[in-house]
Amino acid sequence: MNRRKLVSRIVFSVCAALLGVAFALPLIWFVFAPFNAQADLDLALPKPPTLANFARVFANGAAVGALLNSLLQAFGTVLLVATTATLAAYALARTTLRGKRVIEYVLLLFSSVVSGSAAMVPIFLIVNALGLIDTQLAVILVFAGGLLPTAMFILRDFIASIPRGYEESALVAGASQWRAFVDVVVPVLRPGVTIAAVWAFVQVWGGFLIPFVLLRSEQRMPASVEIYSFYSQAGTPIVPLLAAYSVLYSLPVIALYWYVNRKYGFRFFGGIKS
Amino acid sequence: MSSRGAKVSSRTGVAFMTPAALLIGLFVVFPFFWIIAVSFSNRSLLGANALHPQFVGLKNYLDLFDPATFWGQGGFGPSLWLTIQFVVFSALCGQVLLGLVLAWISRELSPRAKSLLHGIVMLAWILPDVVVGFAWFAYLDRDAGTLNQLLRGLNFPAADFLIEHPFLTICMFNAWRGAAFSMMLFDAALQSIPPSYLETADVVGASSWQKLRDIVLPLIRGHIVTDLILITMWTFNVFTPFLLTAGGPSFESDILPIYTYRIAFKSFEFGKGAAIGVIVMLINLAFSLAYLRLAQRGLRKKGKAA
């Protein structure tokens, strides 16, 4: 019995190690290459390790500009999504509005049916009709529309867990509905807004298809698209720079996930990632 | 609900919902209807049809299903068939099974080993598309890539995977990329199983496999179905393999999202691209209706139990 348990323990550990290695393998290269000025596609220990690649990336105006564009687009979307989703989710959770259930059902349905890859034609045409092709505003608006339903469901679950007495006492004390919302609900809701905002930020930060289809000029491209400027004319990658740039570009996402995971733990809000 | 005294009037409710409704209306709901309209026109990017597209009825759909070209190179048929195989192999066999195995295995690990394993798997899931795209490009390189170095070290023949096995490659890639979601979902599901069930099985001397088959799988059946539907829907719409193979070579990894992109934004046949989009959305609709029905049945059950 004991022996069998030991054997099964060993089998499990070996399987876990093999799976872990299999999952890590495609990324191991990223541990070394960014710090190797002569990095190529092979796994090689940098000798000596250097930050020269990062210095070259920072010296490249287009690359830095692209990271700033990513920041602008991500923050713009997050701001828009966080404010409008909080308002709407509050309304959904607390009104007596008839047809609320229908709105929720339709919202859920549309948000899962209309995917970026299926709807890219009409989205391109709408943005074109609005005269917003090749503007960062277009990227922000389109992302915001797409991310809003999920953000609303995340926030609605948080609002539902706030006791109604909180707002009622504020209203009894003579506060307007708006004040009760801003002064009572919003502060309590901070964890929910943080999680929805981080989720939205990561979606925009990594998003490729929407800016790829909606933007034209290089100076407006986010990092996800502009990363291709590290390819030579012939289409071969300039490996050391790409490696360093990829790491820089990935850091915010890793940091944000790590932060949320540590602070709030990983849970399934609305069960939806993208 | 109303009996508990909701404190937001309908008017305030509508006002609060308006900004979100405008954005969702314009960029989610409206595209859904417009894509249907565009799919019945000969709209293109340039030329006369860009400004004054004409109604062409079912022409775009008939073109897609035209028996003469349906199964041709780069046609709709092979792309659809490839997408179905892609979903079955990379999502159902790949992500869901891998996620289940990972969640099951990590139960027996020490907390530190578990969070290390989960961290690695999560990393594959959270990194931006273009970064994992490039990581795999380097990983699979014919001469220097980590995978081929490893294969040579083990005395296996090296291969140019992106050229020689493009479909296998995007399947492996998608399984690797998305397994984390299933792992986390099943991990949460396994934690909801009362430990006494499994302890009892231990006392009787059940093997790990017997416990999984006879106790765990029946208990988490609901989670498995939810996972299957969500994963299927996401894989069906995933564009990321474009960054690895761009659908090639010679259309061997031409899954539907890439096919749509190629028709709409390489050939600029918006009408035809929209028609494919409508078909994709209809398939999405079937999956979401199934998902919503299951979710509601789950809620009702929960409500009864409470």
# chains A, B, ... in the order shown; residues from 1 in each chain; ligands from 1
>>> residues_around(residues="Phe23 of chain A", least_positions_apart="5", cutoff="10 Å", atoms="only C-alpha atoms", output="list in words")
Ala17, Leu18 and Ile28 of chain A; Leu117, Ile120, Val121, Met122, Leu123, Ala124, Trp176, Arg177 and Ala179 of chain B
>>> write_last_selection(atoms="C-alpha atoms", output="mmCIF file, in the first residue's frame")
data_model
loop_
_atom_site.group_PDB
_atom_site.id
_atom_site.type_symbol
_atom_site.label_atom_id
_atom_site.label_comp_id
_atom_site.auth_asym_id
_atom_site.auth_seq_id
_atom_site.Cartn_x
_atom_site.Cartn_y
_atom_site.Cartn_z
ATOM 1 C CA ALA A 17 8.265 17.591 -14.641
ATOM 2 C CA LEU A 18 7.950 16.410 -18.250
ATOM 3 C CA ILE A 28 13.576 29.042 -22.738
ATOM 4 C CA LEU B 117 3.993 24.274 -13.014
ATOM 5 C CA ILE B 120 4.833 28.069 -16.673
ATOM 6 C CA VAL B 121 1.551 26.975 -18.221
ATOM 7 C CA MET B 122 -0.040 30.361 -17.479
ATOM 8 C CA LEU B 123 2.879 32.153 -19.088
ATOM 9 C CA ALA B 124 2.102 30.451 -22.382
ATOM 10 C CA TRP B 176 0.256 24.846 -25.735
ATOM 11 C CA ARG B 177 -1.141 28.355 -25.898
ATOM 12 C CA ALA B 179 -4.160 24.722 -22.018
#
>>> interface_residues(of="chain A", to="chain B", cutoff="6 Å", atoms="only C-alpha atoms", output="mmCIF file with all heavy atoms, in the first residue's frame")
data_model
loop_
_atom_site.group_PDB
_atom_site.id
_atom_site.type_symbol
_atom_site.label_atom_id
_atom_site.label_comp_id
_atom_site.auth_asym_id
_atom_site.auth_seq_id
_atom_site.Cartn_x
_atom_site.Cartn_y
_atom_site.Cartn_z
ATOM 1 N N PHE A 12 3.656 10.634 -10.762
ATOM 2 C CA PHE A 12 3.055 11.954 -10.892
ATOM 3 C C PHE A 12 4.124 13.042 -11.020
ATOM 4 O O PHE A 12 4.010 13.943 -11.848
ATOM 5 C CB PHE A 12 2.161 12.255 -9.674
ATOM 6 C CG PHE A 12 0.755 11.822 -9.857
ATOM 7 C CD1 PHE A 12 0.303 10.627 -9.331
ATOM 8 C CD2 PHE A 12 -0.126 12.597 -10.587
ATOM 9 C CE1 PHE A 12 -1.002 10.210 -9.517
ATOM 10 C CE2 PHE A 12 -1.433 12.198 -10.774
ATOM 11 C CZ PHE A 12 -1.876 10.993 -10.236
ATOM 12 N N GLY A 20 5.961 20.218 -17.475
ATOM 13 C CA GLY A 20 6.505 21.545 -17.212
ATOM 14 C C GLY A 20 7.592 21.895 -18.205
ATOM 15 O O GLY A 20 7.606 22.999 -18.766
ATOM 16 N N PRO A 26 9.423 26.147 -25.463
ATOM 17 C CA PRO A 26 9.373 27.207 -26.478
ATOM 18 C C PRO A 26 9.792 28.579 -25.948
ATOM 19 O O PRO A 26 10.036 29.485 -26.739
ATOM 20 C CB PRO A 26 7.895 27.227 -26.897
ATOM 21 C CG PRO A 26 7.361 25.903 -26.496
ATOM 22 C CD PRO A 26 8.118 25.506 -25.278
ATOM 23 N N LEU A 41 19.101 32.132 -33.373
ATOM 24 C CA LEU A 41 17.949 31.344 -32.959
ATOM 25 C C LEU A 41 18.335 30.129 -32.123
ATOM 26 O O LEU A 41 17.469 29.408 -31.642
ATOM 27 C CB LEU A 41 17.158 30.902 -34.195
ATOM 28 C CG LEU A 41 16.545 32.077 -34.974
ATOM 29 C CD1 LEU A 41 15.836 31.597 -36.214
ATOM 30 C CD2 LEU A 41 15.576 32.865 -34.098
ATOM 31 N N ASP A 42 19.648 29.884 -31.964
ATOM 32 C CA ASP A 42 20.017 28.730 -31.154
ATOM 33 C C ASP A 42 20.103 29.116 -29.674
ATOM 34 O O ASP A 42 20.234 30.289 -29.321
ATOM 35 C CB ASP A 42 21.337 28.122 -31.626
ATOM 36 C CG ASP A 42 22.447 29.163 -31.613
ATOM 37 O OD1 ASP A 42 22.119 30.359 -31.663
ATOM 38 O OD2 ASP A 42 23.627 28.768 -31.544
ATOM 39 N N THR A 84 -17.535 53.310 -18.387
ATOM 40 C CA THR A 84 -18.848 52.967 -18.948
ATOM 41 C C THR A 84 -19.337 51.615 -18.418
ATOM 42 O O THR A 84 -20.529 51.450 -18.171
ATOM 43 C CB THR A 84 -18.809 52.939 -20.493
ATOM 44 O OG1 THR A 84 -17.776 52.056 -20.909
ATOM 45 C CG2 THR A 84 -18.542 54.308 -21.061
ATOM 46 N N LEU A 87 -20.689 52.062 -14.755
ATOM 47 C CA LEU A 87 -22.023 52.675 -14.783
ATOM 48 C C LEU A 87 -23.072 51.671 -15.236
ATOM 49 O O LEU A 87 -24.111 51.491 -14.586
ATOM 50 C CB LEU A 87 -22.019 53.869 -15.750
ATOM 51 C CG LEU A 87 -21.364 55.156 -15.252
ATOM 52 C CD1 LEU A 87 -21.213 56.139 -16.400
ATOM 53 C CD2 LEU A 87 -22.209 55.765 -14.146
ATOM 54 N N ALA A 88 -22.799 51.012 -16.338
ATOM 55 C CA ALA A 88 -23.801 50.115 -16.914
ATOM 56 C C ALA A 88 -24.032 48.905 -16.018
ATOM 57 O O ALA A 88 -25.171 48.465 -15.828
ATOM 58 C CB ALA A 88 -23.362 49.662 -18.303
ATOM 59 N N ALA A 91 -26.179 49.863 -13.145
ATOM 60 C CA ALA A 91 -27.573 49.959 -13.571
ATOM 61 C C ALA A 91 -28.186 48.565 -13.725
ATOM 62 O O ALA A 91 -29.294 48.310 -13.261
ATOM 63 C CB ALA A 91 -27.670 50.740 -14.879
ATOM 64 N N ARG A 94 -28.816 47.002 -10.272
ATOM 65 C CA ARG A 94 -29.669 47.653 -9.276
ATOM 66 C C ARG A 94 -30.983 48.235 -9.764
ATOM 67 O O ARG A 94 -31.784 48.654 -8.937
ATOM 68 C CB ARG A 94 -28.879 48.799 -8.606
ATOM 69 C CG ARG A 94 -27.728 48.365 -7.727
ATOM 70 C CD ARG A 94 -28.225 47.738 -6.447
ATOM 71 N NE ARG A 94 -27.242 47.835 -5.387
ATOM 72 C CZ ARG A 94 -26.499 46.819 -4.959
ATOM 73 N NH1 ARG A 94 -26.624 45.642 -5.529
ATOM 74 N NH2 ARG A 94 -25.629 46.984 -3.981
ATOM 75 N N THR A 95 -31.209 48.333 -11.076
ATOM 76 C CA THR A 95 -32.489 48.947 -11.462
ATOM 77 C C THR A 95 -33.618 47.957 -11.432
ATOM 78 O O THR A 95 -33.418 46.740 -11.366
ATOM 79 C CB THR A 95 -32.503 49.500 -12.904
ATOM 80 O OG1 THR A 95 -32.230 48.433 -13.764
ATOM 81 C CG2 THR A 95 -31.577 50.624 -13.098
ATOM 82 N N THR A 96 -34.788 48.522 -11.526
ATOM 83 C CA THR A 96 -35.990 47.706 -11.646
ATOM 84 C C THR A 96 -36.423 47.656 -13.111
ATOM 85 O O THR A 96 -37.497 47.189 -13.427
ATOM 86 C CB THR A 96 -37.125 48.333 -10.830
ATOM 87 O OG1 THR A 96 -37.209 49.713 -11.206
ATOM 88 C CG2 THR A 96 -36.839 48.247 -9.359
ATOM 89 N N LEU A 97 -35.543 48.164 -13.959
ATOM 90 C CA LEU A 97 -35.874 48.273 -15.375
ATOM 91 C C LEU A 97 -36.414 46.940 -15.900
ATOM 92 O O LEU A 97 -35.807 45.894 -15.691
ATOM 93 C CB LEU A 97 -34.600 48.640 -16.141
ATOM 94 C CG LEU A 97 -34.777 49.278 -17.505
ATOM 95 C CD1 LEU A 97 -35.480 50.604 -17.366
ATOM 96 C CD2 LEU A 97 -33.408 49.474 -18.138
ATOM 97 N N VAL A 113 -20.812 35.854 -30.019
ATOM 98 C CA VAL A 113 -20.989 35.531 -31.440
ATOM 99 C C VAL A 113 -20.110 36.420 -32.322
ATOM 100 O O VAL A 113 -19.469 35.961 -33.258
ATOM 101 C CB VAL A 113 -22.472 35.688 -31.840
ATOM 102 C CG1 VAL A 113 -22.622 35.655 -33.339
ATOM 103 C CG2 VAL A 113 -23.300 34.598 -31.198
ATOM 104 N N SER A 117 -12.389 38.152 -35.658
ATOM 105 C CA SER A 117 -12.033 37.607 -36.963
ATOM 106 C C SER A 117 -13.249 37.482 -37.874
ATOM 107 O O SER A 117 -13.118 37.546 -39.095
ATOM 108 C CB SER A 117 -11.313 36.263 -36.815
ATOM 109 O OG SER A 117 -12.092 35.359 -36.094
ATOM 110 N N ALA A 118 -14.442 37.323 -37.303
ATOM 111 C CA ALA A 118 -15.626 37.230 -38.156
ATOM 112 C C ALA A 118 -16.118 38.622 -38.552
ATOM 113 O O ALA A 118 -16.603 38.826 -39.659
ATOM 114 C CB ALA A 118 -16.739 36.463 -37.443
ATOM 115 N N PRO A 122 -17.197 44.343 -41.388
ATOM 116 C CA PRO A 122 -18.070 45.467 -41.030
ATOM 117 C C PRO A 122 -17.393 46.472 -40.099
ATOM 118 O O PRO A 122 -17.657 47.675 -40.210
ATOM 119 C CB PRO A 122 -19.260 44.801 -40.345
ATOM 120 C CG PRO A 122 -18.804 43.444 -39.978
ATOM 121 C CD PRO A 122 -17.772 43.063 -40.978
ATOM 122 N N VAL A 142 -13.105 50.630 -30.886
ATOM 123 C CA VAL A 142 -13.451 49.270 -31.294
ATOM 124 C C VAL A 142 -13.122 48.275 -30.188
ATOM 125 O O VAL A 142 -13.925 47.398 -29.851
ATOM 126 C CB VAL A 142 -12.733 48.891 -32.606
ATOM 127 C CG1 VAL A 142 -12.882 47.404 -32.901
ATOM 128 C CG2 VAL A 142 -13.279 49.709 -33.761
ATOM 129 N N GLY A 145 -15.736 48.698 -27.344
ATOM 130 C CA GLY A 145 -17.011 48.048 -27.652
ATOM 131 C C GLY A 145 -16.930 46.541 -27.458
ATOM 132 O O GLY A 145 -17.806 45.919 -26.853
ATOM 133 N N GLY A 206 -1.981 43.173 -25.993
ATOM 134 C CA GLY A 206 -1.545 42.065 -26.845
ATOM 135 C C GLY A 206 -2.281 42.004 -28.167
ATOM 136 O O GLY A 206 -1.885 41.268 -29.069
ATOM 137 N N SER A 246 10.729 41.873 -27.405
ATOM 138 C CA SER A 246 9.668 40.973 -26.946
ATOM 139 C C SER A 246 9.596 40.945 -25.429
ATOM 140 O O SER A 246 8.508 40.934 -24.847
ATOM 141 C CB SER A 246 9.913 39.551 -27.461
ATOM 142 O OG SER A 246 9.905 39.524 -28.849
#
>>> atom_distance(atom1="atom CA of Gly116 of chain A", atom2="atom CA of Asp187 of chain B")
29.3 Å
>>> residues_around(residues="segment 50-55 of chain A", least_positions_apart="2", cutoff="12 Å", atoms="only C-alpha atoms", output="number ranges by chain")
A: 32-39, 45-48, 57-61, 63-64, 238-249
>>> residues_around(residues="Leu79 of chain A", least_positions_apart="3", cutoff="10 Å", atoms="only C-alpha atoms", output="ChimeraX atom specification")
/A:73-76,82-85,140,144,197,200-201
>>> write_last_selection(atoms="all heavy atoms", output="PDB file, in the first residue's frame")
ATOM      1  N   GLN A  73      -3.154  53.437 -26.361  1.00  0.00           N
ATOM      2  CA  GLN A  73      -4.349  52.686 -26.763  1.00  0.00           C
ATOM      3  C   GLN A  73      -4.894  51.854 -25.605  1.00  0.00           C
ATOM      4  O   GLN A  73      -6.111  51.787 -25.395  1.00  0.00           O
ATOM      5  CB  GLN A  73      -4.018  51.803 -27.967  1.00  0.00           C
ATOM      6  CG  GLN A  73      -3.845  52.620 -29.245  1.00  0.00           C
ATOM      7  CD  GLN A  73      -3.131  51.876 -30.348  1.00  0.00           C
ATOM      8  OE1 GLN A  73      -3.066  50.644 -30.337  1.00  0.00           O
ATOM      9  NE2 GLN A  73      -2.580  52.592 -31.302  1.00  0.00           N
ATOM     10  N   ALA A  74      -3.979  51.252 -24.833  1.00  0.00           N
ATOM     11  CA  ALA A  74      -4.431  50.410 -23.727  1.00  0.00           C
ATOM     12  C   ALA A  74      -5.071  51.265 -22.631  1.00  0.00           C
ATOM     13  O   ALA A  74      -6.162  50.951 -22.141  1.00  0.00           O
ATOM     14  CB  ALA A  74      -3.276  49.595 -23.163  1.00  0.00           C
ATOM     15  N   PHE A  75      -4.410  52.380 -22.274  1.00  0.00           N
ATOM     16  CA  PHE A  75      -4.968  53.228 -21.215  1.00  0.00           C
ATOM     17  C   PHE A  75      -6.267  53.877 -21.663  1.00  0.00           C
ATOM     18  O   PHE A  75      -7.227  53.971 -20.888  1.00  0.00           O
ATOM     19  CB  PHE A  75      -3.963  54.285 -20.763  1.00  0.00           C
ATOM     20  CG  PHE A  75      -3.084  53.807 -19.656  1.00  0.00           C
ATOM     21  CD1 PHE A  75      -1.717  53.684 -19.833  1.00  0.00           C
ATOM     22  CD2 PHE A  75      -3.631  53.460 -18.427  1.00  0.00           C
ATOM     23  CE1 PHE A  75      -0.903  53.219 -18.806  1.00  0.00           C
ATOM     24  CE2 PHE A  75      -2.834  53.000 -17.389  1.00  0.00           C
ATOM     25  CZ  PHE A  75      -1.458  52.878 -17.586  1.00  0.00           C
ATOM     26  N   GLY A  76      -6.315  54.339 -22.901  1.00  0.00           N
ATOM     27  CA  GLY A  76      -7.539  54.930 -23.424  1.00  0.00           C
ATOM     28  C   GLY A  76      -8.698  53.951 -23.333  1.00  0.00           C
ATOM     29  O   GLY A  76      -9.786  54.280 -22.837  1.00  0.00           O
ATOM     30  N   ALA A  82     -13.628  51.016 -18.187  1.00  0.00           N
ATOM     31  CA  ALA A  82     -13.853  51.005 -16.738  1.00  0.00           C
ATOM     32  C   ALA A  82     -15.009  51.930 -16.366  1.00  0.00           C
ATOM     33  O   ALA A  82     -15.892  51.548 -15.590  1.00  0.00           O
ATOM     34  CB  ALA A  82     -12.581  51.398 -15.998  1.00  0.00           C
ATOM     35  N   THR A  83     -15.041  53.146 -16.929  1.00  0.00           N
ATOM     36  CA  THR A  83     -16.120  54.066 -16.552  1.00  0.00           C
ATOM     37  C   THR A  83     -17.467  53.596 -17.095  1.00  0.00           C
ATOM     38  O   THR A  83     -18.431  53.457 -16.327  1.00  0.00           O
ATOM     39  CB  THR A  83     -15.849  55.493 -17.074  1.00  0.00           C
ATOM     40  OG1 THR A  83     -15.423  55.396 -18.428  1.00  0.00           O
ATOM     41  CG2 THR A  83     -14.793  56.193 -16.280  1.00  0.00           C
ATOM     42  N   THR A  84     -17.535  53.310 -18.387  1.00  0.00           N
ATOM     43  CA  THR A  84     -18.848  52.967 -18.948  1.00  0.00           C
ATOM     44  C   THR A  84     -19.337  51.615 -18.418  1.00  0.00           C
ATOM     45  O   THR A  84     -20.529  51.450 -18.171  1.00  0.00           O
ATOM     46  CB  THR A  84     -18.809  52.939 -20.493  1.00  0.00           C
ATOM     47  OG1 THR A  84     -17.776  52.056 -20.909  1.00  0.00           O
ATOM     48  CG2 THR A  84     -18.542  54.308 -21.061  1.00  0.00           C
ATOM     49  N   ALA A  85     -18.416  50.676 -18.216  1.00  0.00           N
ATOM     50  CA  ALA A  85     -18.850  49.361 -17.724  1.00  0.00           C
ATOM     51  C   ALA A  85     -19.315  49.449 -16.277  1.00  0.00           C
ATOM     52  O   ALA A  85     -20.283  48.793 -15.895  1.00  0.00           O
ATOM     53  CB  ALA A  85     -17.721  48.336 -17.847  1.00  0.00           C
ATOM     54  N   ILE A 140      -9.169  52.442 -30.020  1.00  0.00           N
ATOM     55  CA  ILE A 140      -9.702  52.495 -28.660  1.00  0.00           C
ATOM     56  C   ILE A 140     -11.204  52.196 -28.638  1.00  0.00           C
ATOM     57  O   ILE A 140     -11.682  51.380 -27.850  1.00  0.00           O
ATOM     58  CB  ILE A 140      -9.423  53.891 -28.039  1.00  0.00           C
ATOM     59  CG1 ILE A 140      -7.918  54.053 -27.805  1.00  0.00           C
ATOM     60  CG2 ILE A 140     -10.193  54.088 -26.753  1.00  0.00           C
ATOM     61  CD1 ILE A 140      -7.499  55.443 -27.371  1.00  0.00           C
ATOM     62  N   ALA A 144     -12.946  48.980 -27.007  1.00  0.00           N
ATOM     63  CA  ALA A 144     -13.858  49.237 -25.894  1.00  0.00           C
ATOM     64  C   ALA A 144     -15.198  48.548 -26.125  1.00  0.00           C
ATOM     65  O   ALA A 144     -15.717  47.870 -25.238  1.00  0.00           O
ATOM     66  CB  ALA A 144     -14.051  50.739 -25.703  1.00  0.00           C
ATOM     67  N   ALA A 197     -10.168  46.179 -15.304  1.00  0.00           N
ATOM     68  CA  ALA A 197      -9.239  47.068 -16.000  1.00  0.00           C
ATOM     69  C   ALA A 197      -7.983  46.315 -16.432  1.00  0.00           C
ATOM     70  O   ALA A 197      -7.509  46.475 -17.562  1.00  0.00           O
ATOM     71  CB  ALA A 197      -8.860  48.246 -15.098  1.00  0.00           C
ATOM     72  N   ALA A 200      -8.844  44.167 -19.363  1.00  0.00           N
ATOM     73  CA  ALA A 200      -8.990  44.954 -20.589  1.00  0.00           C
ATOM     74  C   ALA A 200      -7.620  45.420 -21.092  1.00  0.00           C
ATOM     75  O   ALA A 200      -7.328  45.374 -22.288  1.00  0.00           O
ATOM     76  CB  ALA A 200      -9.907  46.152 -20.340  1.00  0.00           C
ATOM     77  N   PHE A 201      -6.776  45.862 -20.170  1.00  0.00           N
ATOM     78  CA  PHE A 201      -5.443  46.331 -20.542  1.00  0.00           C
ATOM     79  C   PHE A 201      -4.679  45.238 -21.284  1.00  0.00           C
ATOM     80  O   PHE A 201      -4.100  45.469 -22.356  1.00  0.00           O
ATOM     81  CB  PHE A 201      -4.668  46.746 -19.288  1.00  0.00           C
ATOM     82  CG  PHE A 201      -3.324  47.359 -19.563  1.00  0.00           C
ATOM     83  CD1 PHE A 201      -3.176  48.732 -19.645  1.00  0.00           C
ATOM     84  CD2 PHE A 201      -2.210  46.559 -19.765  1.00  0.00           C
ATOM     85  CE1 PHE A 201      -1.943  49.305 -19.912  1.00  0.00           C
ATOM     86  CE2 PHE A 201      -0.974  47.118 -20.036  1.00  0.00           C
ATOM     87  CZ  PHE A 201      -0.846  48.495 -20.107  1.00  0.00           C
TER      88      PHE A 201
END
>>> atom_distance(atom1="atom CA of Ser115 of chain A", atom2="atom CA of Leu97 of chain B")
25.0 Å
>>> atom_distance(atom1="atom CA of Leu80 of chain A", atom2="atom CA of Ala151 of chain A")
11.1 Å
>>> closest_residue(among="A:Val260, A:Ala175, A:Ile254, A:Leu209", to="Val121 of chain A", atoms="only C-alpha atoms")
A:Leu209
>>> residues_around(residues="segment 211-224 of chain B", least_positions_apart="5", cutoff="8 Å", atoms="only C-alpha atoms", output="list in words")
Leu185, Phe186, Ala189, Leu190, Ile193, Tyr197, Leu198, Ala201, Ala206 and Gly298 of chain B
>>> write_last_selection(atoms="all heavy atoms", output="mmCIF file, in the first residue's frame")
data_model
loop_
_atom_site.group_PDB
_atom_site.id
_atom_site.type_symbol
_atom_site.label_atom_id
_atom_site.label_comp_id
_atom_site.auth_asym_id
_atom_site.auth_seq_id
_atom_site.Cartn_x
_atom_site.Cartn_y
_atom_site.Cartn_z
ATOM 1 N N LEU B 185 -9.626 25.976 -14.848
ATOM 2 C CA LEU B 185 -11.035 25.623 -14.657
ATOM 3 C C LEU B 185 -11.154 24.278 -13.947
ATOM 4 O O LEU B 185 -11.884 24.137 -12.969
ATOM 5 C CB LEU B 185 -11.748 25.582 -16.017
ATOM 6 C CG LEU B 185 -13.253 25.353 -15.961
ATOM 7 C CD1 LEU B 185 -13.944 26.633 -15.527
ATOM 8 C CD2 LEU B 185 -13.792 24.921 -17.305
ATOM 9 N N PHE B 186 -10.392 23.275 -14.408
ATOM 10 C CA PHE B 186 -10.469 21.947 -13.798
ATOM 11 C C PHE B 186 -9.858 21.961 -12.399
ATOM 12 O O PHE B 186 -10.291 21.223 -11.526
ATOM 13 C CB PHE B 186 -9.772 20.914 -14.684
ATOM 14 C CG PHE B 186 -10.527 20.638 -15.958
ATOM 15 C CD1 PHE B 186 -9.866 20.542 -17.175
ATOM 16 C CD2 PHE B 186 -11.899 20.483 -15.938
ATOM 17 C CE1 PHE B 186 -10.573 20.313 -18.336
ATOM 18 C CE2 PHE B 186 -12.608 20.243 -17.095
ATOM 19 C CZ PHE B 186 -11.937 20.158 -18.309
ATOM 20 N N ALA B 189 -12.495 23.115 -10.291
ATOM 21 C CA ALA B 189 -13.524 22.071 -10.184
ATOM 22 C C ALA B 189 -13.078 20.965 -9.230
ATOM 23 O O ALA B 189 -13.853 20.509 -8.392
ATOM 24 C CB ALA B 189 -13.816 21.492 -11.569
ATOM 25 N N LEU B 190 -11.801 20.561 -9.339
ATOM 26 C CA LEU B 190 -11.302 19.477 -8.485
ATOM 27 C C LEU B 190 -11.321 19.892 -7.021
ATOM 28 O O LEU B 190 -11.574 19.080 -6.139
ATOM 29 C CB LEU B 190 -9.883 19.089 -8.895
ATOM 30 C CG LEU B 190 -9.744 18.376 -10.236
ATOM 31 C CD1 LEU B 190 -8.285 18.072 -10.533
ATOM 32 C CD2 LEU B 190 -10.558 17.091 -10.229
ATOM 33 N N ILE B 193 -14.508 19.213 -5.089
ATOM 34 C CA ILE B 193 -14.902 17.844 -4.733
ATOM 35 C C ILE B 193 -14.534 17.589 -3.268
ATOM 36 O O ILE B 193 -13.397 17.823 -2.881
ATOM 37 C CB ILE B 193 -14.180 16.816 -5.631
ATOM 38 C CG1 ILE B 193 -14.610 17.015 -7.079
ATOM 39 C CG2 ILE B 193 -14.479 15.400 -5.169
ATOM 40 C CD1 ILE B 193 -13.878 16.114 -8.037
ATOM 41 N N TYR B 197 -14.522 11.974 -0.391
ATOM 42 C CA TYR B 197 -14.832 11.043 -1.478
ATOM 43 C C TYR B 197 -13.574 10.293 -1.901
ATOM 44 O O TYR B 197 -13.564 9.089 -2.078
ATOM 45 C CB TYR B 197 -15.383 11.782 -2.701
ATOM 46 C CG TYR B 197 -16.788 12.320 -2.556
ATOM 47 C CD1 TYR B 197 -17.336 12.569 -1.311
ATOM 48 C CD2 TYR B 197 -17.562 12.577 -3.681
ATOM 49 C CE1 TYR B 197 -18.604 13.069 -1.175
ATOM 50 C CE2 TYR B 197 -18.838 13.078 -3.565
ATOM 51 C CZ TYR B 197 -19.357 13.334 -2.311
ATOM 52 O OH TYR B 197 -20.618 13.837 -2.193
ATOM 53 N N LEU B 198 -12.508 11.079 -2.093
ATOM 54 C CA LEU B 198 -11.279 10.489 -2.606
ATOM 55 C C LEU B 198 -10.578 9.682 -1.515
ATOM 56 O O LEU B 198 -9.968 8.647 -1.783
ATOM 57 C CB LEU B 198 -10.356 11.576 -3.157
ATOM 58 C CG LEU B 198 -10.935 12.312 -4.368
ATOM 59 C CD1 LEU B 198 -10.064 13.498 -4.763
ATOM 60 C CD2 LEU B 198 -11.075 11.374 -5.556
ATOM 61 N N ALA B 201 -12.038 6.349 -1.369
ATOM 62 C CA ALA B 201 -11.524 5.532 -2.466
ATOM 63 C C ALA B 201 -10.127 5.023 -2.147
ATOM 64 O O ALA B 201 -9.786 3.880 -2.454
ATOM 65 C CB ALA B 201 -11.520 6.344 -3.757
ATOM 66 N N ALA B 206 -8.341 2.132 -4.403
ATOM 67 C CA ALA B 206 -8.553 2.468 -5.811
ATOM 68 C C ALA B 206 -7.296 3.130 -6.383
ATOM 69 O O ALA B 206 -6.597 3.860 -5.681
ATOM 70 C CB ALA B 206 -9.735 3.422 -5.944
ATOM 71 N N GLY B 298 -27.551 24.987 -15.050
ATOM 72 C CA GLY B 298 -26.691 24.931 -13.867
ATOM 73 C C GLY B 298 -27.204 25.862 -12.778
ATOM 74 O O GLY B 298 -27.299 25.484 -11.616
#
>>> closest_residue(among="A:Trp199, A:Tyr259, A:Phe124, A:Tyr264", to="Leu215 of chain A", atoms="only C-alpha atoms")
A:Phe124
>>> select_by_dssp(residues="segment 129-235 of chain B", states="helix (DSSP H, G or I)", output="ChimeraX atom specification")
/B:129-139,146-153,161-164,166-191,195-204,208-219,221-235
>>> closest_residue(among="A:Phe208, A:Gly192, A:Met152, A:Gln177", to="Ala223 of chain A", atoms="only C-alpha atoms")
A:Phe208
>>> closest_residue(among="A:Val185, A:Val7, A:Asn69, A:Asp40", to="Ala93 of chain A", atoms="only C-alpha atoms")
A:Val185
>>> residues_around(residues="Ala180 of chain A", least_positions_apart="4", cutoff="7 Å", atoms="only C-alpha atoms", output="VMD selection string")
chain A and resid 167 170 to 171 175 to 176 184 to 185
>>> closest_residue(among="B:Ile163, B:Leu154, B:Leu64, B:Val87", to="Gly248 of chain B", atoms="only C-alpha atoms")
B:Ile163
